[in-house]
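Novice: Starting off with a structure, shown below.
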Amino acid sequence: MSSPLTLHPDRALPAEPSIRSIARTLYSQTAGLPLVCMHGHVEASVFSDNPAFPDPAGLLITPDHYVTRMLVSQGMSPEDLGVQRIDGAPVETDARAIWRRLCENWRLFRGTPSRYWLEHELVEVFGVDLQPSSETSDAIFDAIAARLAQDDFRPVQLLDQFRIELISTTDPATSTLHEHSRLGEQGLGERVVPTFRPDAVVHVDSPDWQRDVKTLGELAEADTSSYAGFLEALRSRRQCFIAAGGLATDHGHLSADTTPLAESEATDVFRRAWNGEVTAEEASAFAGHMLHVMAGMSRDDGLVMQIHPGVARNHHSATFAAFGADKGFDIPVATEYTRSLRPMLESYGRDPGFRVILFTVDETVYSRELAPIAGVYPSVRLGAPWWFLDSPDGMRRFRELATETAGFYNTSGFVDDTRAFASIPARHDLSRRIDAGYLARLVAEHRLSEDEAAETAVDLAYNIPKAAYARRG
Amino acid sequence: MSSPLTLHPDRALPAEPSIRSIARTLYSQTAGLPLVCMHGHVEASVFSDNPAFPDPAGLLITPDHYVTRMLVSQGMSPEDLGVQRIDGAPVETDARAIWRRLCENWRLFRGTPSRYWLEHELVEVFGVDLQPSSETSDAIFDAIAARLAQDDFRPVQLLDQFRIELISTTDPATSTLHEHSRLGEQGLGERVVPTFRPDAVVHVDSPDWQRDVKTLGELAEADTSSYAGFLEALRSRRQCFIAAGGLATDHGHLSADTTPLAESEATDVFRRAWNGEVTAEEASAFAGHMLHVMAGMSRDDGLVMQIHPGVARNHHSATFAAFGADKGFDIPVATEYTRSLRPMLESYGRDPGFRVILFTVDETVYSRELAPIAGVYPSVRLGAPWWFLDSPDGMRRFRELATETAGFYNTSGFVDDTRAFASIPARHDLSRRIDAGYLARLVAEHRLSEDEAAETAVDLAYNIPKAAYARRG
Amino acid sequence: MSSPLTLHPDRALPAEPSIRSIARTLYSQTAGLPLVCMHGHVEASVFSDNPAFPDPAGLLITPDHYVTRMLVSQGMSPEDLGVQRIDGAPVETDARAIWRRLCENWRLFRGTPSRYWLEHELVEVFGVDLQPSSETSDAIFDAIAARLAQDDFRPVQLLDQFRIELISTTDPATSTLHEHSRLGEQGLGERVVPTFRPDAVVHVDSPDWQRDVKTLGELAEADTSSYAGFLEALRSRRQCFIAAGGLATDHGHLSADTTPLAESEATDVFRRAWNGEVTAEEASAFAGHMLHVMAGMSRDDGLVMQIHPGVARNHHSATFAAFGADKGFDIPVATEYTRSLRPMLESYGRDPGFRVILFTVDETVYSRELAPIAGVYPSVRLGAPWWFLDSPDGMRRFRELATETAGFYNTSGFVDDTRAFASIPARHDLSRRIDAGYLARLVAEHRLSEDEAAETAVDLAYNIPKAAYARRG
């Protein structure tokens with residue numbers, strides 16, 4: 001039995017008729033706005049090479065850890081889903097078989113945002129009109145495959161179709177930015193911009209740290225065997241990112257600690273790291289120190305700083321050893337911000353040259369820490385619900401928990417944060433619906449006029465992210 | 001003035017008419033399903049002896065710490081409610097007077113699940129049609145007492161009336177399982193099954209530890225004065241539980257720590273505990289170690305493991321000294337899972353022979369830790385809202401916080417977790433209503449079809465708990 | 001373009017029509033009840049001197065850190081808003097210009113309780129009928145200024161207009177209570193009462209500690225250079241507060257720790273503090289010890305104890321140095337209660353002579369710690385949502401998270417906790433609306449009868465706070 005797949009125009013809007021009616025009106029004013037995608041993980045080469053996408057499984061399942069983790073949680077192996085092993089041992093290569101595993105287990109995704117995004121993509125991007133199931137698996141596979149083969153279904157063409165005005169890649173400090181150069185030559189340099197992500201070179205206990213820092217030095221033509229040279233190289237690379245259109249940096253740390261070390265101490269830890277003698281505590285302290293240092297660099301060069309703390313990465317070591325990072329085994333931990341960010345905010349929190357956007361996967365801090373911080377420090381904006389939280393109810397809770405203290409204008413607007421390019425419109429669409437629903441409730445409860453709500457909806461969808469990620473100075 | 005007591009057919013369903021209408025339909029499909037009661041605290045002798053229940057107060061007030069704690073919070077003493085003192089000093093013995101104390105203070109229970117459960121019991125189980133109050137106290141007492149005197153109002157008869165397909169008791173590792181043997185002889189051995197709860201023998205600093213471990217050794221015919229013999233005895237007892245129909249183990253620890261000790265270290269701590277020389281830190285480390293060891297035992301013998309951490313028991317020492325445990329003075333604490341469970345999940349998290357069900361009384365971990373963990377590790381299921389959280393809004397928040405990351409099929413279904421036998425139908429009924437309401441909202445927001453919601457509702461009420469608690473292997 | 005400003009009669013009530021209809025009825029029964037304002041920060045001299053209020057900015061913007069922090073968060077300086085600098089450097093003195101800064105940035109307050117309160121004040125207290133904007137700024141300023149000049153717009157006259165039955169100031173232990181004496185002479189001694197706030201003298205590492213303790217000794221005619229004399233002085237001052245009508249004490253600590261020190265240890269820490277030799281750890285331990293000691297004093301003299309922990313004050317040191325305390329740079333931290341309060345509750349938790357009201361700015365503890373504690377300890381009441389949390393959705397979450405475990409009758413009723421006198425009616429009104437909405441949902445979900453809900457609404461608004469803050473004994 002195959003059921004039709006359609007997208008209801010009121011999906012993800014509140015059910016109560018008076019609120020829904022207002023929400024529908026608000027949503028209609030944002031649905032067509034351009035997308036500003038200032039935090040994501042699509043590779044620059046996707047645009048500079050502009051290749052055809054692979055098969056349906058290779059596009060929608062294998063690289064998407066939201067999807068694979070759910071299937072793994074019910075007993076499938078990553079190999080069954082085509083996830084490459086580091087040791088090169090064989091994995092499933094039959095895209096049709098992988099696709100079938102998703103369709104047969106479609107029920108697992110009930111109530112999840114992955115389902116919302118995939119349904120949106122199937123209908124809006126691929127023209128599919130059947131619910132995934134074992135019966136419909138092949139037909140849907142064929143329909144998607146046919147669309148993927150069309151010439152107008154290339155990444156650059158989709159930028160227009162998706163109304164993406166601006167999209168940022170995420171690039172290590174050691175990126176040559178070669179692909180961004182090519183994009184510049186192709187006239188896409190201001191539309192596809194890099195973001196500076198120095199995590200690999202500031203975590204001095206990661207296995208490849210010295211190799212990465214040497215590469216950094218070569219690129220920057222600086223001697224990075226010393227702390228001073230290391231900082232010089234970072235400053236230099238940031239200028240290259242700025243020249244390539246970069247607007248922001250991004251920092252993924254386990255904690256939000258920003259305690260600076262004395263210059264001599266930082267120099268010493270760096271030297272010992274170089275000699276392979278650093279302890280875990282020193283490495284952690286150095287990472288916190290570097291957040292403080294890089295806040296200062298942002299103040300100086302105007303790059304907007306993004307901090308994404310609180311994820312214990314690669315929680316299952318055997319899976320990490322077999323498949324590498326970003327395979328769904330990253331689990332959040334409780335994260336403290338009030339005390340941790342204080343050193344950075346003491347230094348730069350009221351400095352007009354500094355802008356930092358704070359993210360969390362620990363929603364307990366929205367009302368307790370992040371909204372109170374964003375609601376007073378002019379340098380701070382509160383980032384969009386992140387990772388596990390950019391779901392319908394997760395985004396609703398974000399507005400409910402943050403708005404009353406931080407307002408709307410101290411938040412930074414939606415970021416899709418995805419490597420699943422085809423899901424970008426679905427993600428922004430869902431965010432706009434949830435914001436419309438929240439604003440509609442305020443209107444229905446006579447806490448906001450409908451005119452104000454409409455202006456706010458447009459600001460949240462477009463003006464606020466443009467402003468939040470504008471390079472300072 | 002006495003008010004009538006009736007149960008509205010739409011109670012605990014969402015008020016919004018379009019959602020309620022869907023919820024009513026969904027609930028109607030689960031309301032009559034059998035009850036699977038795989039975690040609870042009814043004693044096996046309640047069924048093997050099948051005695052008449054005592055008076056109304058002895059059935060519904062004195063043994064129910066949800067009820068007594070609320071009355072104590074407003075100034076009544078446990079003695080006033082008939083709670084036995086350890087020193088044998090006199091307490092209230094007039095059941096009618098105790099019952100009156102509840103009825104006169106009925107307002108205290110407004111908005112609590114105790115009120116929902118008691119109303120359900122009064123109407124559905126006892127045929128009462130009056131709101132409790134000082135005026136109606138005696139009449140209600142008499143009505144209940146009359147029902148209790150009827151022959152068909154015995155526990156075993158109620159198993160049928162309540163549609164209980166399967167119920168698990170909770171039994172210490174040192175239980176002889178004598179009552180379960182008798183139940184087997186009575187043909188109830190597969191309907192009333194034991195659960196293995198070894199807390200008393202793994203917490204090496206509890207006052208009666210050595211006595212309990214000696215008893216364990218006698219039962220298992222093993223020399224439990226050594227760590228190796230202790231483990232052997234545990235394995236042996238688990239086999240006895242399996243033979244008696246047991247499907248699961250249960251573990252109540254203060255923290256969720258699962259860090260293993262080296263064999264030699266565990267041996268050493270055990271020896272020092274035996275000699276009365278163990279420190280609190282060692283005892284705590286040993287408890288965490290034993291969780292890891294017992295996860296391995298579950299992997300080997302297929303018993304489903306349940307972990308219930310995070311409660312500071314017997315918070316008020318004088319009350320504990322006077323009345324013993326489980327008197328309402330247990331208070332939750334913040335509980336960490338991501339790092340704490342990692343050693344166990346590193347070892348067995350992707351092992352198909354292992355199943356663990358995780359519970360919490362700290363709802364901040366639903367979206368931050370437990371749903372992300374259950375949403376990727378195939379061995380993990382996320383347990384039902386527990387203790388203070390199995391309330392209408394508590395259960396709703398659970399679905400809202402967990403579903404978007406873990407889905408429905410990584411949760412384990414409702415458990416009533418009660419020693420109040422007569423409240424079991426009320427508890428399952430409330431859970432089914434809340435799930436119906438949550439699913440109905442997804443349907444009304446066009447996030448799920450009504451057919452899928454109905455299938456999910458039935459799965460949550462019946463199929464999922466049956467599958468989650470099926471012994472592995 | 002200027003928009004009309006009106007207050008919708010159904011504002012802040014739930015939108016769903018059946019719930020709203022019930023909520024409207026419930027609210028109508030509490031809207032006119034007298035206000036009990038047992039926790040706030042209006043100065044006693046406001047009533048004893050009964051001065052005219054200053055200009056609109058001086059009344060509604062400059063002293064209200066809710067308002068200034070939001071404007072500062074978007075780049076204004078405290079100086080722009082007329083906040084006095086400690087160094088006496090010039091700040092904005094043009095009230096009309098300050099007022100304009102609020103009106104021009106009115107959009108920042110969308111969705112915040114400040115907006116709700118200010119709208120209520122503008123319409124109900126000042127008769128304004130225009131939305132604030134750059135166009136309407138001057139007209140609104142003039143309208144307010146005209147009202148402020150009227151003789152009937154003095155604080156004491158407003159006590160009647162606002163229906164304030166009882167209001168408490170907050171006064172240091174070193175207050176002479178001179179203004180309260182004058183109030184007594186004016187016949188207001190039982191209507192405006194002091195609250196004993198000893199924070200300054202129990203935090204032994206604060207810079208002015210010794211000075212304050214000496215003042216304490218002078219007032220109490222005790223030798224406060226010793227710990228014994230210090231306790232004697234505290235007891236003596238508490239009696240003076242009681243004589244002046246005081247009903248309660250208030251304690252603002254960073255943590256909720258209540259661990260007592262041995263007498264000798266406390267004596268020793270005090271002596272070292274007197275000699276300027278105390279460490280931060282000792283100071284912190286002494287503060288926790290003093291909470292325990294002062295709980296004993298409350299048990300003895302019947303003053304109701306209030307504890308307000310969990311705020312990292314003066315988070316931005318430069319702002320604190322320039323402008324002093326209470327300027328919006330106070331940020332909450334995670335706060336533990338279960339273990340921290342245990343020593344105090346072990347000693348006095350079931351003592352009928354003791355009453356403590358617990359507050360938090362960490363809403364994760366409502367369901368995990370505070371409701372379970374308040375739901376069993378007769379000495380404990382759970383305080384109203386505090387500071388960042390006394391907002392529409394914050395107050396709704398409080399009821400949703402606390403009621404199912406603590407019920408209604410273990411909460412303590414609303415406190416406005418404000419220094420913005422003109423906002424007091426707005427704050428109580430909002431609280432009554434939110435409680436009406438929550439109760440109405442229970443009624444609509446058939447979890448409570450409408451009669452019971454109405455009784456509960458009146459109890460929450462009036463009877464419960466009167467009872468919670470009644471001096472014991």
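Residues in the structure tokens are numbered from 1 in each chain, the chains being A, B, ... in the order shown, and ligands are numbered from 1 in the order shown.
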Kindly determine which residues of chain B lie within 7 Å of chain C, considering only C-alpha atoms, and give the answer as a PyMOL selection string.

Specialist: chain B and resi 8+11-16+69-70+72-75+108-113+315-317+328-329+331-333+361-362+364+388+391+393

Novice: Put those residues in a file: N, CA and C atoms, as a CSV table (one decimal), in the first residue's frame.

Specialist:
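Okay, selection_16.csv is ready:
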chain,number,residue,atom,x,y,z
B,8,HIS,N,-14.4,12.7,33.4
B,8,HIS,CA,-14.8,13.2,32.1
B,8,HIS,C,-14.1,12.3,31.1
B,11,ARG,N,-10.8,13.7,29.9
B,11,ARG,CA,-9.8,14.3,30.8
B,11,ARG,C,-8.4,14.0,30.4
B,12,ALA,N,-7.5,15.0,30.7
B,12,ALA,CA,-6.1,14.9,30.4
B,12,ALA,C,-5.8,14.9,28.9
B,13,LEU,N,-6.8,15.2,28.0
B,13,LEU,CA,-6.5,15.4,26.6
B,13,LEU,C,-6.4,16.9,26.4
B,14,PRO,N,-5.7,17.3,25.3
B,14,PRO,CA,-5.6,18.7,25.1
B,14,PRO,C,-6.9,19.4,24.8
B,15,ALA,N,-7.0,20.7,25.2
B,15,ALA,CA,-8.3,21.3,25.2
B,15,ALA,C,-8.7,21.8,23.8
B,16,GLU,N,-7.7,22.1,23.0
B,16,GLU,CA,-8.0,22.7,21.6
B,16,GLU,C,-8.8,21.6,20.9
B,69,ARG,N,3.5,12.3,51.6
B,69,ARG,CA,4.5,13.4,51.6
B,69,ARG,C,3.7,14.7,51.4
B,70,MET,N,2.6,14.8,50.6
B,70,MET,CA,1.9,16.0,50.4
B,70,MET,C,1.2,16.4,51.7
B,72,VAL,N,2.2,15.5,54.8
B,72,VAL,CA,3.3,15.9,55.7
B,72,VAL,C,3.8,17.3,55.4
B,73,SER,N,3.8,17.7,54.1
B,73,SER,CA,4.3,19.0,53.7
B,73,SER,C,3.4,20.1,54.3
B,74,GLN,N,2.2,19.8,54.6
B,74,GLN,CA,1.3,20.8,55.2
B,74,GLN,C,1.1,20.6,56.7
B,75,GLY,N,2.0,19.9,57.3
B,75,GLY,CA,2.1,19.9,58.8
B,75,GLY,C,1.6,18.6,59.5
B,108,LEU,N,-5.2,20.1,48.6
B,108,LEU,CA,-3.7,20.1,48.5
B,108,LEU,C,-3.3,19.3,47.2
B,109,PHE,N,-4.1,18.4,46.7
B,109,PHE,CA,-3.7,17.6,45.6
B,109,PHE,C,-4.2,18.2,44.3
B,110,ARG,N,-4.8,19.4,44.3
B,110,ARG,CA,-5.2,20.0,43.0
B,110,ARG,C,-3.9,20.1,42.1
B,111,GLY,N,-4.1,19.7,40.9
B,111,GLY,CA,-3.0,19.8,39.9
B,111,GLY,C,-2.0,18.7,40.0
B,112,THR,N,-2.1,17.8,40.9
B,112,THR,CA,-1.1,16.7,41.0
B,112,THR,C,-1.6,15.4,40.3
B,113,PRO,N,-0.7,14.5,39.9
B,113,PRO,CA,-1.1,13.3,39.4
B,113,PRO,C,-1.7,12.4,40.5
B,315,HIS,N,16.6,12.0,52.8
B,315,HIS,CA,17.2,13.4,52.9
B,315,HIS,C,17.1,13.9,54.3
B,316,HIS,N,16.1,13.5,55.0
B,316,HIS,CA,15.9,13.9,56.4
B,316,HIS,C,16.2,12.8,57.3
B,317,SER,N,17.3,12.8,58.0
B,317,SER,CA,17.8,11.7,58.7
B,317,SER,C,16.9,11.3,59.9
B,328,GLY,N,8.9,9.4,51.4
B,328,GLY,CA,8.7,10.7,50.7
B,328,GLY,C,9.8,11.7,50.9
B,329,PHE,N,10.8,11.3,51.6
B,329,PHE,CA,12.0,12.2,51.8
B,329,PHE,C,13.1,11.9,50.9
B,331,ILE,N,15.0,13.1,47.4
B,331,ILE,CA,15.0,14.3,46.6
B,331,ILE,C,16.0,14.1,45.5
B,332,PRO,N,15.6,14.4,44.3
B,332,PRO,CA,16.5,14.3,43.1
B,332,PRO,C,17.7,15.2,43.2
B,333,VAL,N,18.7,14.8,42.5
B,333,VAL,CA,19.9,15.7,42.2
B,333,VAL,C,20.2,15.7,40.7
B,361,VAL,N,15.4,11.4,36.9
B,361,VAL,CA,14.4,12.3,37.6
B,361,VAL,C,14.9,13.7,37.3
B,362,ASP,N,15.9,13.9,36.4
B,362,ASP,CA,16.4,15.2,36.1
B,362,ASP,C,16.1,15.4,34.6
B,364,THR,N,16.3,17.8,32.7
B,364,THR,CA,17.2,18.6,31.8
B,364,THR,C,18.0,17.7,30.9
B,388,PHE,N,8.7,11.6,40.1
B,388,PHE,CA,8.1,12.9,40.1
B,388,PHE,C,7.7,13.3,38.7
B,391,SER,N,3.7,12.5,35.4
B,391,SER,CA,2.6,13.3,35.6
B,391,SER,C,2.1,13.8,34.3
B,393,ASP,N,1.8,16.9,32.8
B,393,ASP,CA,2.7,17.8,32.1
B,393,ASP,C,4.1,17.2,32.0

Novice: At a cut-off of 6 Å, using only C-alpha atoms, what residues contact region 198-212 of chain C? Leave out same-chain residues fewer than 3 positions from it and give the result as a PDB file with N, CA and C atoms, in the first residue's frame.

Specialist:
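Wrote result.pdb, looks like this:
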ATOM      1  N   PRO C 172      19.024  46.769  55.209  1.00  0.00           N
ATOM      2  CA  PRO C 172      20.209  46.096  55.759  1.00  0.00           C
ATOM      3  C   PRO C 172      20.083  45.915  57.268  1.00  0.00           C
ATOM      4  N   ALA C 173      20.840  44.948  57.778  1.00  0.00           N
ATOM      5  CA  ALA C 173      20.847  44.714  59.227  1.00  0.00           C
ATOM      6  C   ALA C 173      21.262  45.957  59.983  1.00  0.00           C
ATOM      7  N   THR C 215      29.139  49.078  62.712  1.00  0.00           N
ATOM      8  CA  THR C 215      27.866  49.799  62.779  1.00  0.00           C
ATOM      9  C   THR C 215      26.793  48.934  63.431  1.00  0.00           C
ATOM     10  N   ALA C 283      35.451  32.530  53.649  1.00  0.00           N
ATOM     11  CA  ALA C 283      34.330  33.476  53.596  1.00  0.00           C
ATOM     12  C   ALA C 283      33.085  32.782  53.078  1.00  0.00           C
ATOM     13  N   ALA C 287      29.589  32.097  55.092  1.00  0.00           N
ATOM     14  CA  ALA C 287      28.272  32.529  54.605  1.00  0.00           C
ATOM     15  C   ALA C 287      27.272  31.381  54.686  1.00  0.00           C
TER      16      ALA C 287
END

Novice: Can you tell me which residues surround Gln239 (chain B) at a distance of at most 12 Å, considering only C-alpha atoms, apart from same-chain residues fewer than 5 positions away, and format the answer as a ChimeraX atom specification?

Specialist: /B:173,177,194-196,220,232-234,244-249,297-298,300-303

Novice: Could you check how far CA of Ile144 (chain C) sits from CA of Ile434 (chain C), in Å to one decimal?

Specialist: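 CA of Ile434 (chain C) lies at a distance of 28.2 Å from CA of Ile144 (chain C).
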
Novice: With only C-alpha atoms as the counted atoms, please give the residues lying no more than 6 Å from region 121-133 of chain A, apart from itself and same-chain residues fewer than 5 positions off, as number ranges by chain.

Specialist: A: 3-5, 103-104, 144

Novice: With C-alpha atoms retained, export the selected residues as a PDB file, in the first residue's frame.

Specialist:
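In the end it all went to selection.pdb:
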ATOM      1  CA  SER A   3       0.314   6.584   0.611  1.00  0.00           C
ATOM      2  CA  PRO A   4       0.544   9.920  -1.149  1.00  0.00           C
ATOM      3  CA  LEU A   5       3.147  12.375   0.075  1.00  0.00           C
ATOM      4  CA  CYS A 103      12.305   3.670   3.241  1.00  0.00           C
ATOM      5  CA  GLU A 104      11.599   0.454   5.115  1.00  0.00           C
ATOM      6  CA  ILE A 144      15.330  11.280  -7.421  1.00  0.00           C
TER       7      ILE A 144
END

Novice: Excluding region 421-432 of chain B and its own-chain neighbours fewer than 3 positions away, which residues fall within 7 Å of it when counting only C-alpha atoms? Please give them as a list in words.

Specialist: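 Contacts, in chain order: Tyr27, Thr30, Ala31, Val42, Trp117, His120, Glu121, Phe162, Phe414, Asp416, Thr418, Asp435, Ala436 and Ala461 of chain B.
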
Novice: Neighbours of Ile61 (chain A) within 10 Å (only C-alpha atoms; same-chain residues fewer than 6 positions away dropped), as a PyMOL selection string?

Specialist: chain A and resi 55+67-68+71+81-83+95+98-99+101-102+420

Novice: Applying 12 Å and only C-alpha atoms, which residues near Glu165 (chain A) remain after dropping the ones on its own chain fewer than 5 positions away? List them as a ChimeraX atom specification.

Specialist: /A:33-38,156,158-160,188-193,425,462,465-466

Novice: Point out the residue among A:Leu183, A:Ala149, A:Ala470, A:Leu254 with the least atom-to-atom distance to Asp49 (chain A), counting only C-alpha atoms.

Specialist: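 The answer is A:Leu183, which sits nearest to Asp49 (chain A).
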
Novice: So which bits of region 107-186 of chain C end up strand (DSSP E) when you DSSP the backbone, as a list of chain:residue names?

Specialist: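 Here are the strand (DSSP E) residues of region 107-186 of chain C: C:Ile164, C:Glu165, C:Leu166, C:Ile167, C:Ser168, C:Asp171, C:Pro172.
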
Novice: Mind writing the picked residues with C-alpha atoms as a compact mmCIF listing (two decimals), in the first residue's frame?

Specialist:
# COMPACT_ATOMS: atom_id res chain seq x y z
CA ILE C 164 -1.61 47.81 48.21
CA GLU C 165 -2.60 46.30 51.52
CA LEU C 166 0.89 45.50 52.69
CA ILE C 167 4.31 46.32 51.28
CA SER C 168 7.71 45.35 52.57
CA ASP C 171 16.67 46.91 54.72
CA PRO C 172 20.21 46.10 55.76

Novice: Write out as JSON, numbers by chain the set of residues from region 366-400 of chain B that DSSP, computed on the backbone, places in alpha helix (DSSP H).

Specialist: {"B": [371, 372, 373, 374, 392, 393, 394, 395, 396, 397, 398, 399, 400]}

Novice: Would you output that residue set with N, CA and C atoms, as a PDB file, in the first residue's frame?

Specialist:
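Result written to part_38.pdb:
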ATOM      1  N   ALA B 371      18.295  11.612  25.014  1.00  0.00           N
ATOM      2  CA  ALA B 371      17.782  11.413  23.653  1.00  0.00           C
ATOM      3  C   ALA B 371      18.933  11.293  22.647  1.00  0.00           C
ATOM      4  N   PRO B 372      19.969  12.132  22.741  1.00  0.00           N
ATOM      5  CA  PRO B 372      21.113  11.913  21.837  1.00  0.00           C
ATOM      6  C   PRO B 372      21.767  10.539  22.012  1.00  0.00           C
ATOM      7  N   ILE B 373      21.836  10.036  23.224  1.00  0.00           N
ATOM      8  CA  ILE B 373      22.435   8.711  23.449  1.00  0.00           C
ATOM      9  C   ILE B 373      21.513   7.618  22.904  1.00  0.00           C
ATOM     10  N   ALA B 374      20.232   7.682  23.276  1.00  0.00           N
ATOM     11  CA  ALA B 374      19.295   6.648  22.802  1.00  0.00           C
ATOM     12  C   ALA B 374      19.098   6.732  21.294  1.00  0.00           C
ATOM     13  N   PRO B 392       0.897  14.403  34.185  1.00  0.00           N
ATOM     14  CA  PRO B 392       0.418  14.836  32.863  1.00  0.00           C
ATOM     15  C   PRO B 392       1.411  15.749  32.130  1.00  0.00           C
ATOM     16  N   ASP B 393       1.799  16.854  32.752  1.00  0.00           N
ATOM     17  CA  ASP B 393       2.710  17.758  32.052  1.00  0.00           C
ATOM     18  C   ASP B 393       4.116  17.181  31.975  1.00  0.00           C
ATOM     19  N   GLY B 394       4.508  16.414  32.976  1.00  0.00           N
ATOM     20  CA  GLY B 394       5.830  15.783  32.953  1.00  0.00           C
ATOM     21  C   GLY B 394       5.965  14.814  31.786  1.00  0.00           C
ATOM     22  N   MET B 395       4.935  14.025  31.554  1.00  0.00           N
ATOM     23  CA  MET B 395       4.998  13.075  30.442  1.00  0.00           C
ATOM     24  C   MET B 395       4.918  13.785  29.090  1.00  0.00           C
ATOM     25  N   ARG B 396       4.140  14.862  29.048  1.00  0.00           N
ATOM     26  CA  ARG B 396       4.091  15.654  27.813  1.00  0.00           C
ATOM     27  C   ARG B 396       5.460  16.252  27.506  1.00  0.00           C
ATOM     28  N   ARG B 397       6.101  16.828  28.530  1.00  0.00           N
ATOM     29  CA  ARG B 397       7.432  17.400  28.285  1.00  0.00           C
ATOM     30  C   ARG B 397       8.423  16.333  27.829  1.00  0.00           C
ATOM     31  N   PHE B 398       8.316  15.145  28.401  1.00  0.00           N
ATOM     32  CA  PHE B 398       9.197  14.057  27.977  1.00  0.00           C
ATOM     33  C   PHE B 398       9.099  13.831  26.471  1.00  0.00           C
ATOM     34  N   ARG B 399       7.886  13.711  25.981  1.00  0.00           N
ATOM     35  CA  ARG B 399       7.743  13.489  24.528  1.00  0.00           C
ATOM     36  C   ARG B 399       8.274  14.690  23.743  1.00  0.00           C
ATOM     37  N   GLU B 400       7.983  15.891  24.228  1.00  0.00           N
ATOM     38  CA  GLU B 400       8.423  17.077  23.496  1.00  0.00           C
ATOM     39  C   GLU B 400       9.943  17.204  23.472  1.00  0.00           C
TER      40      GLU B 400
END
